[in-house]
$ cat run38.cif   # mmCIF, C-alpha atoms
data_structure
#
loop_
_atom_site.label_atom_id
_atom_site.label_comp_id
_atom_site.auth_asym_id
_atom_site.auth_seq_id
_atom_site.Cartn_x
_atom_site.Cartn_y
_atom_site.Cartn_z
CA MET P 1 -61.96 46.67 48.61
CA ILE P 2 -61.03 42.97 48.67
CA GLN P 3 -57.38 42.46 47.85
CA PRO P 4 -56.79 40.08 44.94
CA VAL P 5 -54.79 36.88 44.90
CA ALA P 6 -51.62 37.10 42.80
CA VAL P 7 -50.68 34.19 40.55
CA ILE P 8 -47.10 34.48 39.32
CA GLY P 9 -46.60 32.50 36.13
CA ALA P 10 -48.72 31.75 33.07
CA GLY P 11 -47.68 28.24 32.18
CA PRO P 12 -49.92 25.18 32.62
CA PHE P 13 -49.97 25.26 36.43
CA GLY P 14 -50.43 29.02 36.70
CA LEU P 15 -53.24 29.12 34.14
CA SER P 16 -55.02 26.10 35.60
CA THR P 17 -54.81 27.48 39.15
CA ALA P 18 -56.05 30.90 38.02
CA ALA P 19 -59.00 29.31 36.22
CA HIS P 20 -60.04 27.47 39.38
CA LEU P 21 -59.70 30.59 41.54
CA ARG P 22 -61.79 32.62 39.08
CA ALA P 23 -64.45 29.91 39.05
CA ARG P 24 -64.74 30.31 42.83
CA GLY P 25 -65.31 34.05 42.41
CA ILE P 26 -61.97 34.97 43.97
CA PRO P 27 -60.45 38.21 42.57
CA VAL P 28 -57.16 37.25 40.96
CA ARG P 29 -54.38 38.96 39.05
CA VAL P 30 -52.22 36.71 36.88
CA PHE P 31 -48.77 37.77 35.70
CA GLY P 32 -46.49 36.43 32.96
CA GLU P 33 -46.23 35.57 29.30
CA PRO P 34 -48.47 32.61 28.43
CA MET P 35 -46.55 29.37 27.86
CA VAL P 36 -43.26 31.27 27.70
CA SER P 37 -41.03 28.37 28.81
CA TRP P 38 -42.56 26.11 26.19
CA ARG P 39 -42.35 28.76 23.47
CA ASP P 40 -38.86 30.16 24.12
CA HIS P 41 -36.97 27.39 25.89
CA MET P 42 -37.97 24.23 24.05
CA PRO P 43 -36.42 23.33 20.67
CA ALA P 44 -38.42 23.91 17.52
CA GLY P 45 -39.68 20.62 16.14
CA MET P 46 -39.87 19.03 19.58
CA LEU P 47 -42.58 16.44 20.26
CA LEU P 48 -44.02 15.94 23.73
CA LYS P 49 -43.05 12.76 25.53
CA SER P 50 -46.33 12.78 27.44
CA THR P 51 -49.44 11.21 25.98
CA PRO P 52 -52.59 13.24 25.25
CA ALA P 53 -54.12 11.87 28.48
CA ALA P 54 -51.24 13.46 30.41
CA SER P 55 -51.21 16.75 28.51
CA SER P 56 -54.46 18.55 29.32
CA LEU P 57 -54.61 21.54 31.66
CA ASP P 58 -57.21 21.01 34.37
CA ALA P 59 -60.20 23.37 34.20
CA PRO P 60 -63.12 23.91 36.60
CA GLN P 61 -65.61 23.23 33.81
CA PRO P 62 -65.68 20.78 30.88
CA GLY P 63 -64.70 21.68 27.34
CA HIS P 64 -61.07 22.73 27.82
CA LYS P 65 -59.00 19.60 27.28
CA LEU P 66 -56.44 19.15 24.53
CA ALA P 67 -59.01 17.29 22.40
CA ASP P 68 -61.42 20.22 22.77
CA TYR P 69 -58.75 22.58 21.47
CA CYS P 70 -58.15 20.28 18.49
CA ASP P 71 -61.87 20.41 17.68
CA ALA P 72 -61.92 24.21 17.99
CA ALA P 73 -58.81 24.58 15.82
CA GLY P 74 -60.08 22.17 13.18
CA ILE P 75 -57.12 19.80 13.46
CA PRO P 76 -57.11 16.00 14.01
CA ARG P 77 -57.93 15.03 17.59
CA LEU P 78 -55.03 13.96 19.79
CA VAL P 79 -56.51 11.40 22.17
CA THR P 80 -54.82 7.97 22.03
CA ASP P 81 -51.49 6.91 23.50
CA GLU P 82 -50.15 6.56 19.97
CA ASP P 83 -50.92 10.20 19.10
CA ILE P 84 -47.78 12.36 19.39
CA ILE P 85 -48.13 16.04 20.26
CA PRO P 86 -45.99 18.67 18.49
CA VAL P 87 -44.80 21.34 20.91
CA GLU P 88 -46.27 24.03 18.66
CA THR P 89 -49.73 22.43 19.04
CA PHE P 90 -49.35 22.27 22.81
CA ILE P 91 -48.31 25.93 23.00
CA ALA P 92 -51.32 26.94 20.90
CA TYR P 93 -53.55 24.86 23.19
CA GLY P 94 -52.19 26.63 26.28
CA GLU P 95 -52.76 30.05 24.69
CA TRP P 96 -56.32 29.03 23.73
CA PHE P 97 -56.95 27.89 27.32
CA GLN P 98 -55.66 31.24 28.58
CA GLN P 99 -57.83 33.28 26.22
CA LYS P 100 -60.91 31.29 27.21
CA LEU P 101 -60.45 31.04 30.98
CA VAL P 102 -57.85 33.63 32.05
CA PRO P 103 -58.53 36.52 29.66
CA GLU P 104 -57.31 39.21 32.09
CA LEU P 105 -53.71 37.90 32.06
CA GLU P 106 -51.19 40.72 32.59
CA ARG P 107 -48.06 40.31 30.48
CA VAL P 108 -45.73 41.91 32.98
CA ARG P 109 -43.04 40.51 35.26
CA VAL P 110 -43.17 40.45 39.03
CA VAL P 111 -39.94 42.01 40.27
CA SER P 112 -40.38 41.45 44.00
CA VAL P 113 -42.71 39.96 46.60
CA ASP P 114 -42.47 40.95 50.27
CA ARG P 115 -44.66 40.46 53.33
CA LYS P 116 -46.50 43.52 54.55
CA THR P 117 -46.75 44.55 58.18
CA GLY P 118 -50.30 43.84 59.24
CA GLY P 119 -50.87 41.09 56.66
CA GLY P 120 -50.82 40.52 52.93
CA PHE P 121 -47.99 40.84 50.45
CA GLU P 122 -46.58 43.75 48.48
CA LEU P 123 -45.73 43.02 44.87
CA LYS P 124 -43.71 45.25 42.58
CA LEU P 125 -44.13 44.85 38.81
CA ASP P 126 -41.62 45.76 36.12
CA SER P 127 -44.15 48.40 35.02
CA GLY P 128 -43.38 50.17 38.30
CA GLU P 129 -46.76 49.40 39.86
CA LEU P 130 -46.95 48.43 43.52
CA PHE P 131 -49.98 46.59 44.83
CA THR P 132 -51.07 44.43 47.74
CA ALA P 133 -52.24 40.81 47.42
CA ARG P 134 -53.88 38.79 50.16
CA ALA P 135 -52.18 35.60 48.93
CA VAL P 136 -49.53 34.67 46.38
CA VAL P 137 -49.35 31.55 44.19
CA VAL P 138 -45.87 30.86 42.80
CA ALA P 139 -46.28 29.00 39.49
CA THR P 140 -43.12 30.06 37.70
CA GLY P 141 -42.39 26.64 36.23
CA LEU P 142 -38.82 26.12 35.06
CA TYR P 143 -37.85 29.79 35.23
CA GLY P 144 -34.37 30.22 36.71
CA LEU P 145 -34.04 26.54 37.66
CA ALA P 146 -31.85 25.19 34.85
CA HIS P 147 -29.23 22.91 36.41
CA LEU P 148 -25.61 22.85 35.27
CA PRO P 149 -23.39 20.29 37.07
CA PRO P 150 -20.32 21.85 38.74
CA GLU P 151 -17.92 19.89 36.56
CA LEU P 152 -19.45 21.50 33.44
CA ALA P 153 -19.74 24.96 34.99
CA ALA P 154 -15.93 25.11 35.13
CA ALA P 155 -15.87 25.46 31.32
CA ALA P 156 -18.52 28.20 31.38
CA VAL P 157 -16.73 30.90 33.37
CA ASP P 158 -19.31 33.58 32.59
CA GLY P 159 -22.22 31.15 32.79
CA PRO P 160 -23.75 28.79 30.24
CA ALA P 161 -24.64 30.41 26.92
CA PRO P 162 -25.06 29.36 23.28
CA THR P 163 -21.93 31.38 22.44
CA ALA P 164 -19.89 29.91 25.32
CA PRO P 165 -18.19 26.49 25.25
CA VAL P 166 -21.06 25.08 27.35
CA SER P 167 -24.79 25.85 27.34
CA HIS P 168 -27.95 24.43 28.85
CA SER P 169 -30.56 22.76 26.65
CA SER P 170 -33.14 25.39 27.67
CA GLN P 171 -31.07 28.02 25.87
CA HIS P 172 -31.64 26.51 22.42
CA HIS P 173 -34.86 27.11 20.56
CA ASP P 174 -33.24 26.66 17.14
CA LEU P 175 -30.64 23.89 16.72
CA SER P 176 -30.01 24.51 13.02
CA GLY P 177 -26.95 26.61 13.89
CA PHE P 178 -25.05 23.42 14.73
CA LYS P 179 -25.07 22.22 11.12
CA GLY P 180 -21.58 20.95 10.27
CA LYS P 181 -20.46 21.17 13.92
CA GLU P 182 -19.42 18.51 16.41
CA LEU P 183 -21.70 18.55 19.41
CA ILE P 184 -21.70 16.77 22.77
CA VAL P 185 -25.00 16.50 24.66
CA VAL P 186 -24.71 15.52 28.33
CA GLY P 187 -27.67 13.59 29.74
CA ALA P 188 -29.81 10.53 29.09
CA GLY P 189 -33.35 11.81 29.58
CA GLN P 190 -35.87 12.80 26.94
CA SER P 191 -34.53 16.36 26.73
CA ALA P 192 -30.99 15.13 26.03
CA LEU P 193 -32.00 12.43 23.54
CA GLU P 194 -34.42 14.62 21.60
CA THR P 195 -31.99 17.56 21.54
CA ALA P 196 -29.36 15.20 20.13
CA VAL P 197 -31.76 13.87 17.47
CA LEU P 198 -32.92 17.32 16.38
CA ALA P 199 -29.32 18.57 16.15
CA ALA P 200 -28.29 15.49 14.15
CA GLU P 201 -31.24 15.96 11.81
CA ALA P 202 -30.09 19.57 11.38
CA GLY P 203 -26.69 18.35 10.16
CA ALA P 204 -24.56 18.18 13.31
CA THR P 205 -22.33 15.29 14.36
CA VAL P 206 -23.65 14.45 17.81
CA ARG P 207 -22.44 12.40 20.74
CA ILE P 208 -24.52 11.68 23.87
CA VAL P 209 -22.54 11.44 27.10
CA SER P 210 -24.60 9.69 29.79
CA ARG P 211 -23.25 9.49 33.32
CA GLY P 212 -23.49 6.99 36.14
CA HIS P 213 -26.88 5.33 36.27
CA GLY P 214 -28.23 7.40 33.37
CA ARG P 215 -27.94 4.75 30.69
CA VAL P 216 -29.60 5.46 27.34
CA ALA P 217 -32.92 3.63 27.14
CA PHE P 218 -36.35 4.08 25.60
CA GLY P 219 -39.82 3.38 26.93
CA ALA P 220 -42.13 0.65 25.67
CA ALA P 221 -44.58 1.44 22.88
CA PRO P 222 -48.26 1.57 23.90
CA TRP P 223 -48.94 -1.86 22.38
CA ASP P 224 -46.09 -3.38 24.43
CA GLN P 225 -47.32 -2.10 27.81
CA PRO P 226 -48.18 -4.77 30.45
CA LYS P 227 -51.86 -5.69 30.22
CA LEU P 228 -52.55 -6.73 33.82
CA ARG P 229 -51.48 -3.53 35.55
CA PRO P 230 -53.52 -0.35 36.15
CA GLU P 231 -53.39 2.46 33.64
CA SER P 232 -51.82 5.82 34.45
CA PRO P 233 -50.97 8.83 32.27
CA PHE P 234 -47.39 7.52 32.13
CA GLY P 235 -47.89 3.83 31.49
CA ARG P 236 -49.14 0.68 33.17
CA ALA P 237 -47.59 0.14 36.61
CA TRP P 238 -48.88 0.08 40.17
CA SER P 239 -46.29 2.65 41.29
CA LEU P 240 -47.15 5.07 38.47
CA TRP P 241 -50.87 4.64 39.17
CA ALA P 242 -50.41 5.45 42.87
CA LEU P 243 -48.14 8.44 42.24
CA SER P 244 -50.49 9.81 39.57
CA TYR P 245 -53.80 9.56 41.39
CA TYR P 246 -52.88 9.59 45.09
CA PRO P 247 -50.21 12.26 45.62
CA GLN P 248 -51.64 13.32 48.99
CA PRO P 249 -49.91 10.62 51.12
CA TYR P 250 -46.59 11.41 49.43
CA ARG P 251 -46.05 14.30 51.87
CA TYR P 252 -45.76 11.83 54.74
CA LEU P 253 -42.90 9.80 53.28
CA PRO P 254 -39.40 10.37 54.74
CA ALA P 255 -37.67 13.36 53.10
CA GLN P 256 -34.88 11.21 51.67
CA THR P 257 -37.41 8.91 49.99
CA ARG P 258 -39.42 11.81 48.56
CA HIS P 259 -36.40 13.50 47.01
CA TYR P 260 -35.13 10.20 45.61
CA LEU P 261 -38.45 9.37 43.94
CA VAL P 262 -38.74 12.83 42.38
CA ARG P 263 -35.35 12.33 40.74
CA ARG P 264 -35.69 8.70 39.66
CA VAL P 265 -39.34 7.98 38.81
CA LEU P 266 -40.21 8.52 35.13
CA GLY P 267 -36.70 9.24 34.08
CA PRO P 268 -34.22 9.28 32.52
CA LEU P 269 -35.95 7.53 29.63
CA GLY P 270 -36.51 8.39 26.00
CA ALA P 271 -39.93 8.22 24.38
CA TRP P 272 -40.71 5.04 22.47
CA TRP P 273 -41.16 6.93 19.20
CA LEU P 274 -37.68 8.51 19.42
CA ARG P 275 -35.69 5.27 19.26
CA GLU P 276 -35.86 4.89 15.47
CA ARG P 277 -34.66 8.46 14.92
CA PHE P 278 -31.84 8.05 17.47
CA GLU P 279 -30.21 4.69 16.86
CA GLY P 280 -27.49 4.81 14.22
CA LYS P 281 -27.64 8.62 14.01
CA VAL P 282 -26.21 9.62 17.39
CA GLN P 283 -23.06 8.27 19.03
CA VAL P 284 -23.29 7.24 22.67
CA SER P 285 -20.62 7.31 25.36
CA GLU P 286 -21.83 5.81 28.63
CA VAL P 287 -19.35 6.94 31.28
CA GLU P 288 -19.03 6.64 35.04
CA ARG P 289 -18.73 10.39 35.51
CA ILE P 290 -17.37 13.58 34.03
CA VAL P 291 -14.11 14.38 35.79
CA ARG P 292 -13.76 17.91 34.46
CA ALA P 293 -14.58 20.18 31.56
CA GLU P 294 -12.35 22.85 30.16
CA ALA P 295 -12.07 25.17 27.23
CA ALA P 296 -8.98 23.82 25.50
CA GLY P 297 -6.67 25.30 22.89
CA ALA P 298 -6.53 28.71 21.26
CA ASN P 299 -10.03 28.30 19.83
CA GLY P 300 -11.54 27.68 23.28
CA LYS P 301 -13.37 24.50 22.24
CA PRO P 302 -14.67 22.43 25.14
CA ALA P 303 -13.00 19.20 26.19
CA LEU P 304 -14.49 16.70 28.63
CA THR P 305 -12.34 14.33 30.65
CA VAL P 306 -14.52 11.36 31.57
CA ALA P 307 -14.03 8.32 33.77
CA THR P 308 -14.80 5.19 31.76
CA PRO P 309 -16.48 2.02 33.08
CA GLY P 310 -13.16 0.16 32.84
CA GLY P 311 -11.52 2.45 35.38
CA GLY P 312 -9.57 4.65 32.98
CA THR P 313 -10.13 8.14 31.63
CA GLU P 314 -10.82 9.50 28.17
CA GLN P 315 -10.96 12.98 26.68
CA LEU P 316 -13.86 13.94 24.43
CA THR P 317 -13.79 17.13 22.39
CA ALA P 318 -16.37 19.00 20.34
CA ASP P 319 -17.27 22.43 19.04
CA HIS P 320 -19.85 22.83 21.79
CA VAL P 321 -21.34 21.03 24.80
CA ILE P 322 -25.05 21.16 25.67
CA SER P 323 -25.90 20.20 29.21
CA ALA P 324 -29.35 18.58 29.10
CA THR P 325 -29.22 17.94 32.82
CA GLY P 326 -32.67 19.15 33.74
CA TYR P 327 -33.84 21.54 36.41
CA ARG P 328 -33.29 21.79 40.13
CA VAL P 329 -35.64 23.63 42.46
CA ASP P 330 -33.87 26.09 44.72
CA ILE P 331 -35.71 28.78 46.66
CA ALA P 332 -32.49 30.83 46.63
CA ALA P 333 -32.78 31.07 42.83
CA MET P 334 -36.26 32.61 43.08
CA ASP P 335 -34.84 36.09 43.50
CA PHE P 336 -38.21 37.79 42.97
CA LEU P 337 -39.12 36.57 46.46
CA GLY P 338 -37.81 39.10 48.96
CA HIS P 339 -34.83 38.04 51.06
CA GLU P 340 -36.78 38.16 54.31
CA LEU P 341 -39.63 36.13 52.82
CA ARG P 342 -37.22 33.51 51.48
CA THR P 343 -35.57 33.11 54.87
CA GLN P 344 -38.99 32.52 56.46
CA LEU P 345 -39.89 29.67 54.11
CA ALA P 346 -39.23 26.20 55.48
CA VAL P 347 -37.28 24.22 52.90
CA SER P 348 -35.92 20.73 52.37
CA ARG P 349 -32.87 20.52 50.11
CA GLY P 350 -33.75 23.91 48.68
CA THR P 351 -37.38 23.05 47.90
CA PRO P 352 -40.35 24.48 49.82
CA LYS P 353 -42.01 22.27 52.42
CA LEU P 354 -45.71 22.33 51.61
CA GLY P 355 -48.72 21.42 53.69
CA ALA P 356 -52.28 20.58 52.70
CA GLY P 357 -53.51 22.63 49.76
CA TYR P 358 -49.96 23.44 48.58
CA VAL P 359 -49.49 26.15 51.21
CA SER P 360 -45.96 26.87 52.38
CA SER P 361 -44.79 27.51 55.94
CA VAL P 362 -45.63 31.19 55.33
CA PRO P 363 -49.45 31.44 55.41
CA GLY P 364 -50.70 32.91 52.14
CA VAL P 365 -47.76 31.75 50.01
CA TYR P 366 -48.48 28.73 47.79
CA PHE P 367 -46.27 26.81 45.37
CA THR P 368 -47.48 24.63 42.51
CA GLY P 369 -45.87 22.78 39.62
CA LEU P 370 -42.24 21.67 39.79
CA PRO P 371 -41.47 23.35 43.17
CA SER P 372 -44.23 21.24 44.74
CA ALA P 373 -42.86 17.91 43.48
CA SER P 374 -40.78 17.18 46.58
CA SER P 375 -43.98 17.44 48.67
CA TYR P 376 -46.53 15.88 46.30
CA GLY P 377 -44.52 13.61 44.05
CA PRO P 378 -43.19 13.25 40.49
CA VAL P 379 -46.62 13.87 38.90
CA MET P 380 -46.11 17.57 39.71
CA ARG P 381 -43.37 17.64 37.09
CA PHE P 382 -45.97 17.04 34.40
CA VAL P 383 -48.97 18.91 33.02
CA CYS P 384 -51.40 16.27 34.25
CA GLY P 385 -50.42 17.24 37.78
CA THR P 386 -52.75 20.22 37.38
CA GLU P 387 -55.70 17.84 37.80
CA PHE P 388 -54.72 17.14 41.39
CA ALA P 389 -53.03 20.42 42.34
CA SER P 390 -55.25 23.19 41.00
CA PRO P 391 -58.64 22.37 42.56
CA ARG P 392 -57.04 21.55 45.92
CA LEU P 393 -54.94 24.67 46.03
CA ALA P 394 -57.95 26.83 45.07
CA LYS P 395 -60.11 25.16 47.71
CA HIS P 396 -57.54 25.67 50.46
CA LEU P 397 -56.90 29.27 49.46
CA ALA P 398 -60.63 30.05 49.34
CA ALA P 399 -61.12 28.62 52.83
CA ALA P 400 -58.11 30.42 54.29
CA HIS P 401 -58.32 33.75 52.45
CA GLY P 402 -61.78 33.83 50.86
#
$ encode --input "run38.cif" --output "structure tokens"
Amino acid sequence: MIQPVAVIGAGPFGLSTAAHLRARGIPVRVFGEPMVSWRDHMPAGMLLKSTPAASSLDAPQPGHKLADYCDAAGIPRLVTDEDIIPVETFIAYGEWFQQKLVPELERVRVVSVDRKTGGGFELKLDSGELFTARAVVVATGLYGLAHLPPELAAAAVDGPAPTAPVSHSSQHHDLSGFKGKELIVVGAGQSALETAVLAAEAGATVRIVSRGHGRVAFGAAPWDQPKLRPESPFGRAWSLWALSYYPQPYRYLPAQTRHYLVRRVLGPLGAWWLRERFEGKVQVSEVERIVRAEAAGANGKPALTVATPGGGTEQLTADHVISATGYRVDIAAMDFLGHELRTQLAVSRGTPKLGAGYVSSVPGVYFTGLPSASSYGPVMRFVCGTEFASPRLAKHLAAAHG
């Protein structure tokens, strides 16, 4: 019996990869809850920053783009750069894609992955089942990668949580509980700015604290984009065009350059349509850095000591602090990968080093989505990265393990 390929994760990259593998006739088992990060770890009422052109999962056959889902669901088509996508619509689109192209999805969690003597990999599921896969595709998205800066972690002794003085933005699906509260949101990217807006619209008094180079800014509206530059899913610019459509050469850049570009390209920047809802409704403190955070007083409310641009310090207090400081890939945090397997993976600053076809240094182990961004560029942080990643990963896997 031919051993199947295991795809771990059922978000955009996992579903797209699985669809391409199935189209090649490769037996595949796919594990996870469909679109779980989007459904459980994004705030209700959120709108996607990405345009419709950047928000379709890649499929091996036509008829499965976001616009096709809109037609099937009987809702207005989302196709132009001025069309804004509600997160609920995007989640429903991902679930529709799964039902159409990955119907055999198994809604169980992979507990462990280990190499087997003689070849292949042994996976243990939370159902108790053990089985062998000939190859493994890690497409776990943002799971376990929420980043909390050390200076904020000091005020969250038992870890970030909605009931602790400090939490991470991924821990808030419903922001209505902050009505009547004072809230500090740390960050200057879309997640921070939209979290702040949604909390303010829910009745909170909100202050954004942006650090260092993360000044609060918003992108240009579609009609204000430069006309004489090439189009990309993220706007008109030669750099964005190259990073969007030619990720392959990215692997050959110096490591320091690759990691820098992943952090700095396409962020931090708020969406053009968010500016009107933000300005005048949310306070902004642009600081050099956060010196420390602590739970102050008998009530344990958080207090931030910040270094100001003038060289002094200031203390900011609130009922709660949300760290909207993004995600950081770290193989060590992927605890479902067995210890021996993790130690065998070549990494660069905690991220897997990937070769052609998204294969890691361990033959048969592939990474796609955010963990592949340090090898293939910032486009792998976004849904449209599936267009480049999924067919190439499937082709490489089929050739190596078909």
$ resolve_selection --input "run38.cif" --expression "the PyMOL selection byres ((chain P and resi 390-398) around 8)" --output "PyMOL selection string"
chain P and resi 13+16-17+20-21+24+26+58+60+135+356-359+364+366+386-389+399-402
$ closest_residue --input "run38.cif" --among "P:Pro378, P:Pro222, P:Pro268, P:Pro162" --to "Leu193 in chain P" --atoms "all atoms listed in the file"
P:Pro268
$ atom_distance --input "run38.cif" --atom1 "CA of Met42 in chain P" --atom2 "CA of Leu274 in chain P"
16.4 Å
$ atom_distance --input "run38.cif" --atom1 "CA of Gln283 in chain P" --atom2 "CA of Ser167 in chain P"
19.5 Å
$ residues_around --input "run38.cif" --residues "Asp224 in chain P" --least-positions-apart "5" --cutoff "12 Å" --atoms "all atoms listed in the file" --output "NGL selection string"
:P and (81-82 or 219 or 235-236 or 272)
$ residues_around --input "run38.cif" --residues "Gly9 in chain P" --least-positions-apart "2" --cutoff "6 Å" --atoms "all atoms listed in the file" --output "list in words"
Gly11, Gly14, Phe31, Gly32, Ala139 and Thr140 of chain P
$ residues_around --input "run38.cif" --residues "Lys179 in chain P" --least-positions-apart "2" --cutoff "9 Å" --atoms "all atoms listed in the file" --output "list of chain:residue names"
P:Leu175, P:Ser176, P:Gly177, P:Lys181, P:Glu182, P:Ala199, P:Ala200, P:Glu201, P:Ala202, P:Gly203, P:Ala204, P:Thr205
$ closest_residue --input "run38.cif" --among "P:Gln171, P:Thr368, P:Gln225, P:Gln98" --to "Val383 in chain P" --atoms "all atoms listed in the file"
P:Thr368
$ residues_around --input "run38.cif" --residues "Val186 in chain P" --least-positions-apart "2" --cutoff "8 Å" --atoms "only C-alpha atoms" --output "ChimeraX atom specification"
/P:184,188,192,208-211,321-325
$ atom_distance --input "run38.cif" --atom1 "CA of Arg263 in chain P" --atom2 "CA of Val110 in chain P"
29.2 Å
$ closest_residue --input "run38.cif" --among "P:Arg107, P:Ile85, P:Gly369, P:Ala271" --to "Val30 in chain P" --atoms "all atoms listed in the file"
P:Arg107
